[in-house]
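Shown below: final01.cif, with mmCIF, C-alpha atoms.
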```cif
data_coords
loop_
_atom_site.label_atom_id
_atom_site.label_comp_id
_atom_site.auth_asym_id
_atom_site.auth_seq_id
_atom_site.Cartn_x
_atom_site.Cartn_y
_atom_site.Cartn_z
CA ARG A 37 22.52 5.14 5.07
CA VAL A 38 18.75 4.71 4.66
CA VAL A 39 17.58 6.90 1.77
CA GLY A 40 14.05 5.50 1.43
CA VAL A 41 11.66 3.25 3.34
CA ARG A 42 8.95 1.10 1.80
CA ASP A 43 5.53 1.31 3.42
CA SER A 44 5.50 -1.84 5.54
CA PRO A 45 4.59 -2.63 9.18
CA LEU A 46 7.97 -4.37 9.52
CA LEU A 47 9.76 -1.09 8.78
CA ALA A 48 7.58 1.20 10.87
CA SER A 49 10.47 2.01 13.21
CA VAL A 50 12.93 2.82 10.40
CA SER A 51 13.34 6.39 9.22
CA VAL A 52 15.17 8.03 6.35
CA GLY A 53 18.60 9.14 7.50
CA GLY A 54 19.14 6.19 9.80
CA MET A 55 22.41 4.29 9.53
CA LEU A 56 22.64 0.53 9.04
CA VAL A 57 25.00 -0.64 11.78
CA ALA A 58 24.96 -4.43 11.60
CA VAL A 59 23.51 -7.36 9.66
CA ASP A 60 22.89 -10.43 11.82
CA GLY A 61 25.12 -8.90 14.47
CA VAL A 62 28.07 -8.29 12.11
CA ASP A 63 29.39 -4.71 11.88
CA VAL A 64 28.71 -3.60 8.28
CA ARG A 65 32.03 -1.72 8.18
CA THR A 66 33.84 -5.06 8.32
CA LEU A 67 32.00 -6.50 5.29
CA SER A 68 33.04 -6.37 1.66
CA ARG A 69 30.45 -5.23 -0.90
CA GLN A 70 29.83 -8.85 -1.92
CA ALA A 71 29.52 -10.06 1.67
CA PHE A 72 27.22 -7.14 2.50
CA ALA A 73 24.91 -7.92 -0.44
CA ALA A 74 24.86 -11.61 0.44
CA ALA A 75 24.05 -10.88 4.08
CA LEU A 76 21.14 -8.61 3.13
CA SER A 77 19.66 -11.23 0.82
CA SER A 78 19.73 -14.01 3.44
CA ARG A 79 16.54 -14.99 5.29
CA PRO A 80 15.83 -14.69 8.11
CA VAL A 81 17.90 -11.57 8.63
CA VAL A 82 18.17 -9.13 11.55
CA LEU A 83 19.20 -5.57 10.73
CA THR A 84 20.33 -3.11 13.39
CA LEU A 85 20.05 0.59 12.60
CA ALA A 86 21.06 3.78 14.35
CA GLN A 87 18.20 6.24 14.08
CA MET A 88 20.22 9.39 13.53
CA ALA A 89 20.97 11.69 10.63
CA LEU A 90 24.59 11.55 9.50
CA GLU A 91 24.90 15.30 9.06
CA ASP A 92 23.54 15.87 12.58
CA SER A 93 26.20 13.56 13.98
CA CYS A 94 29.30 14.57 12.03
CA GLY A 95 28.39 17.52 9.84
CA ASN A 96 27.99 20.04 12.64
CA VAL A 97 30.97 19.21 14.83
CA ASP A 98 32.60 22.45 16.06
CA SER A 99 35.11 21.37 18.70
CA ILE A 100 37.67 18.67 18.05
CA PRO A 101 39.71 17.32 20.98
CA HIS A 102 43.35 17.18 19.94
CA ALA A 103 44.88 13.74 19.35
CA THR A 104 42.13 11.91 21.23
CA LEU A 105 41.57 8.34 20.01
CA HIS A 106 39.01 5.94 21.42
CA THR A 107 38.18 2.30 20.86
CA PRO A 108 35.07 1.40 18.81
CA GLN A 109 33.46 -0.03 21.96
CA GLU A 110 34.00 3.25 23.83
CA LEU A 111 32.42 5.09 20.95
CA MET A 112 29.45 2.73 20.88
CA ASP A 113 28.98 3.16 24.63
CA GLY A 114 28.51 6.87 23.99
CA ASN A 115 30.56 7.96 27.01
CA VAL A 116 33.31 9.85 25.14
CA PRO A 117 33.59 12.45 22.35
CA ILE A 118 33.14 11.08 18.86
CA THR A 119 35.85 13.21 17.22
CA PHE A 120 39.61 12.73 17.06
CA GLU A 121 42.69 13.92 15.20
CA ILE A 122 45.69 12.22 13.64
CA GLU A 123 49.03 13.82 12.82
CA LEU A 124 51.46 13.03 10.00
CA GLY A 125 55.09 14.04 9.75
CA THR A 126 57.00 15.12 6.67
CA SER A 127 57.65 11.59 5.39
CA ASP A 128 54.46 9.85 6.53
CA ILE A 129 52.01 8.28 4.06
CA LEU A 130 48.35 8.73 4.96
CA GLY A 131 47.05 5.54 3.31
CA LEU A 132 43.37 6.47 2.95
CA ALA A 133 40.83 6.53 0.14
CA PHE A 134 37.70 8.67 0.43
CA ASP A 135 34.29 8.99 -1.16
CA LEU A 136 31.73 11.81 -1.07
CA ILE A 137 28.32 11.25 0.50
CA ASP A 138 25.33 13.40 1.39
CA ASN A 139 25.71 17.15 2.01
CA GLY A 140 29.36 17.17 0.93
CA LEU A 141 30.54 14.94 3.76
CA VAL A 142 33.75 13.05 3.04
CA ARG A 143 33.89 9.44 4.25
CA VAL A 144 36.81 7.04 4.57
CA ALA A 145 36.18 4.32 1.97
CA SER A 146 39.26 2.17 2.54
CA ILE A 147 42.52 2.08 4.47
CA VAL A 148 45.96 0.76 3.51
CA SER A 149 47.04 -1.82 6.07
CA GLY A 150 50.04 -0.65 8.06
CA SER A 151 49.65 2.99 7.04
CA VAL A 152 49.86 5.91 9.48
CA ALA A 153 46.08 6.34 9.40
CA SER A 154 45.59 2.67 10.20
CA SER A 155 48.10 2.74 13.05
CA GLN A 156 46.46 5.85 14.53
CA GLY A 157 43.03 4.23 14.61
CA VAL A 158 41.16 5.52 11.55
CA GLU A 159 38.53 3.09 10.29
CA ALA A 160 36.47 2.73 7.13
CA GLY A 161 33.27 4.70 7.57
CA ASP A 162 34.86 7.52 9.61
CA ILE A 163 33.97 11.03 8.40
CA LEU A 164 36.75 13.49 7.54
CA ILE A 165 35.91 16.77 9.30
CA SER A 166 38.89 19.00 8.66
CA ILE A 167 42.37 19.14 7.13
CA ASN A 168 44.85 21.48 8.79
CA GLY A 169 41.91 23.41 10.20
CA SER A 170 39.89 23.70 6.95
CA ARG A 171 36.41 22.18 7.05
CA ALA A 172 36.32 19.25 4.61
CA GLU A 173 32.73 19.70 3.41
CA SER A 174 33.53 23.25 2.25
CA LEU A 175 36.41 22.09 0.06
CA SER A 176 36.39 20.87 -3.53
CA ALA A 177 37.65 17.37 -4.31
CA SER A 178 40.85 18.80 -5.79
CA ASP A 179 41.43 21.00 -2.72
CA ILE A 180 40.98 17.96 -0.46
CA ASP A 181 43.49 15.97 -2.52
CA SER A 182 45.97 18.85 -2.40
CA LEU A 183 45.66 19.40 1.35
CA LEU A 184 45.97 15.71 2.12
CA MET A 185 49.33 15.73 0.31
CA SER A 186 50.66 18.56 2.49
CA ARG A 187 53.03 17.83 5.38
CA PRO A 188 52.90 18.20 8.30
CA LEU A 189 49.25 17.22 8.29
CA VAL A 190 46.59 17.27 10.98
CA ALA A 191 43.35 15.56 9.94
CA ALA A 192 40.27 15.45 12.13
CA PHE A 193 37.70 12.68 11.91
CA CYS A 194 34.30 11.87 13.34
CA ARG A 195 33.08 8.38 14.06
CA LEU A 196 29.37 7.75 14.45
CA ARG A 197 28.44 6.21 17.76
CA PHE A 198 25.55 3.78 17.75
CA ALA A 199 24.36 3.84 21.34
CA GLU A 200 20.70 3.72 20.33
CA THR A 201 19.75 1.11 17.78
CA THR A 202 16.61 -0.50 16.52
CA ALA A 203 16.47 -4.17 15.59
CA ILE A 204 14.32 -5.00 12.60
CA PRO A 205 12.27 -8.18 13.14
CA GLU A 206 13.37 -11.30 11.33
CA VAL A 207 11.70 -11.70 7.97
CA GLY A 208 11.41 -14.65 5.65
CA LEU A 209 9.94 -18.15 5.53
CA PHE A 210 9.69 -20.09 8.80
CA ARG A 211 8.68 -23.66 9.57
CA HIS A 212 7.53 -25.31 12.77
CA THR A 213 6.05 -28.72 13.55
CA PHE A 214 3.66 -29.13 16.47
CA ASP A 215 3.57 -32.65 17.89
CA ALA A 216 0.84 -34.71 19.55
CA GLN A 217 1.49 -33.14 22.96
CA VAL A 218 0.14 -29.81 21.73
CA SER A 219 -3.56 -29.57 22.42
CA ALA A 220 -4.17 -26.05 21.11
CA LEU A 221 -2.00 -23.76 19.00
CA GLY A 222 -3.19 -20.56 20.63
CA MET A 223 -3.59 -18.29 17.62
CA ILE A 224 -6.49 -16.39 16.05
CA LEU A 225 -6.75 -15.97 12.29
CA GLY A 226 -7.71 -12.56 10.95
CA THR A 227 -8.46 -13.68 7.39
CA LEU A 228 -9.51 -17.00 5.87
CA PRO A 229 -9.34 -18.67 2.44
CA PRO A 230 -9.53 -17.79 -0.37
CA GLN A 231 -7.68 -14.73 0.92
CA PRO A 232 -4.12 -15.01 2.25
CA VAL A 233 -4.44 -16.46 5.76
CA VAL A 234 -3.04 -13.88 8.17
CA ILE A 235 -2.62 -14.39 11.91
CA LYS A 236 -4.53 -11.75 13.85
CA SER A 237 -3.12 -12.54 17.29
CA VAL A 238 -1.07 -15.12 19.18
CA VAL A 239 -1.69 -16.09 22.80
CA ALA A 240 1.44 -15.50 24.85
CA GLY A 241 2.98 -18.66 26.24
CA MET A 242 1.03 -21.09 24.07
CA ALA A 243 2.33 -23.34 21.29
CA ALA A 244 2.14 -20.87 18.39
CA ASP A 245 4.01 -18.28 20.46
CA ALA A 246 6.66 -20.82 21.42
CA GLY A 247 6.95 -21.82 17.76
CA GLY A 248 7.85 -18.27 16.79
CA MET A 249 4.57 -17.26 15.21
CA ARG A 250 3.60 -13.60 15.49
CA SER A 251 0.65 -11.36 14.81
CA GLY A 252 0.73 -10.34 11.14
CA ASP A 253 2.45 -13.53 9.94
CA THR A 254 0.88 -15.26 6.93
CA LEU A 255 0.19 -19.00 6.98
CA LEU A 256 1.67 -20.42 3.79
CA THR A 257 1.21 -24.17 4.14
CA VAL A 258 -0.32 -26.61 6.63
CA ASN A 259 1.06 -30.14 6.29
CA GLY A 260 2.20 -29.28 2.78
CA GLN A 261 -1.12 -27.83 1.60
CA TYR A 262 -1.35 -24.17 0.68
CA ALA A 263 -3.55 -22.57 3.31
CA SER A 264 -5.21 -20.06 1.00
CA LEU A 265 -6.30 -22.85 -1.39
CA LEU A 266 -8.09 -24.86 1.28
CA GLN A 267 -11.74 -24.57 2.17
CA LYS A 268 -12.29 -22.86 5.52
CA GLU A 269 -13.48 -26.07 7.11
CA ASP A 270 -10.54 -28.03 5.72
CA LEU A 271 -8.09 -25.45 7.04
CA ASN A 272 -9.57 -25.72 10.54
CA LEU A 273 -9.34 -29.51 10.40
CA ALA A 274 -5.76 -29.38 9.12
CA LEU A 275 -4.71 -27.09 11.98
CA GLN A 276 -6.21 -29.56 14.48
CA GLN A 277 -4.16 -32.48 13.16
CA ARG A 278 -1.13 -33.69 15.12
CA PRO A 279 1.59 -33.58 14.22
CA VAL A 280 1.01 -30.51 12.10
CA ALA A 281 3.77 -28.83 10.11
CA ILE A 282 3.17 -25.13 9.42
CA GLU A 283 5.09 -22.81 7.14
CA PHE A 284 4.54 -19.11 7.66
CA LEU A 285 5.84 -15.90 6.13
CA ARG A 286 6.91 -12.72 7.85
#
```

As structure tokens, the full file:
Amino acid sequence: RVVGVRDSPLLASVSVGGMLVAVDGVDVRTLSRQAFAAALSSRPVVLTLAQMALEDSCGNVDSIPHATLHTPQELMDGNVPITFEIELGTSDILGLAFDLIDNGLVRVASIVSGSVASSQGVEAGDILISINGSRAESLSASDIDSLLMSRPLVAAFCRLRFAETTAIPEVGLFRHTFDAQVSALGMILGTLPPQPVVIKSVVAGMAADAGGMRSGDTLLTVNGQYASLLQKEDLNLALQQRPVAIEFLR
């Protein structure tokens, strides 16, 4: 869950309370802590977030359809309820571990493979809503442990559905070489050396646009020379050379 957002144009569409759904298209719930950290540190990286508050999605659920399970894709499509129940008999083992998150919500942290919870469709990241009719967020940790040991057991869960997501633009260091067939790059610089050289605008359909350059990107090097260390005239000449290799930051 997003708990803070740095002031940056790249993150203008991200709000506190949003949920990180995927990193480079991979569902974060399928990643280990190490894999998650590695994915976030890679560049470029595309993050997909659901702009919703967790407590608004799962903390205020009043009606729970009995024994209704849905596939993750159905939940993501947003066409079905997002709550479901599982039932355990007298000898069944639940096979879940939980952790506490914001506002007392109880989240599934891990699942034992082959357990009843696993076979009935519970997934890591699901929110425990109630145990035998008692709201989970109103219970102490010891009460939750005690109730989860009781049999028979009916546990209700909520799974966030991510029908509306926002993709964060790729960030990092990019390189592109423009060959002799390119007559004009089609970009306008907003600042010039000795300041960081920032692209003010890119003409749609021209070479810079096709090369992935965007308004707000910073030119790092031109044919191996740091753009901000060049004289203005030398930078203009370097950009007119062909081929020209440009590195830019986003």

TODO: With a distance cut-off of 12 Å and only C-alpha atoms, select the neighbouring residues of A:Ala75, excluding the residue or stretch itself and same-chain residues fewer than 2 positions from it, and output the selection as a list of chain:residue names.
DONE: A:Ala58, A:Val59, A:Asp60, A:Gly61, A:Val62, A:Asp63, A:Val64, A:Leu67, A:Ser68, A:Arg69, A:Gln70, A:Ala71, A:Phe72, A:Ala73, A:Ser77, A:Ser78, A:Arg79, A:Pro80, A:Val81, A:Val82, A:Leu83

- [ ] Would you mind reading off the distance between atom CA of A:Arg250 and atom CA of A:Ile235, one decimal, in Å?
- [x]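 Separation between atom CA of A:Arg250 and atom CA of A:Ile235: 7.2 Å.
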
With the file shown as input, list the residues that the PyMOL selection byres ((chain A and resi 147) around 6) selects, as a compact mmCIF listing (two decimals) with C-alpha atoms, in the coordinates of the input.
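The file below, result-v9.txt, is the result:
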```txt
# COMPACT_ATOMS: atom_id res chain seq x y z
CA GLY A 131 47.05 5.54 3.31
CA LEU A 132 43.37 6.47 2.95
CA SER A 146 39.26 2.17 2.54
CA VAL A 148 45.96 0.76 3.51
```

Task: Ref. answer, residues at most 12 Å from (55.8, 13.4, 12.5) with only C-alpha atoms, as a PyMOL selection string - done: chain A and resi 122-130+152+187-190

Open item on the list: Taking the file as I've supplied it (selection: the PyMOL selection byres ((chain A and resi 223) around 6)), which residues are included? Please answer as a PyMOL selection string.
Closed with: chain A and resi 221-222+224+237-239

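Across the model, the gap from atom CA of A:Leu76 to atom CA of A:Gly157 is 27.9 Å.
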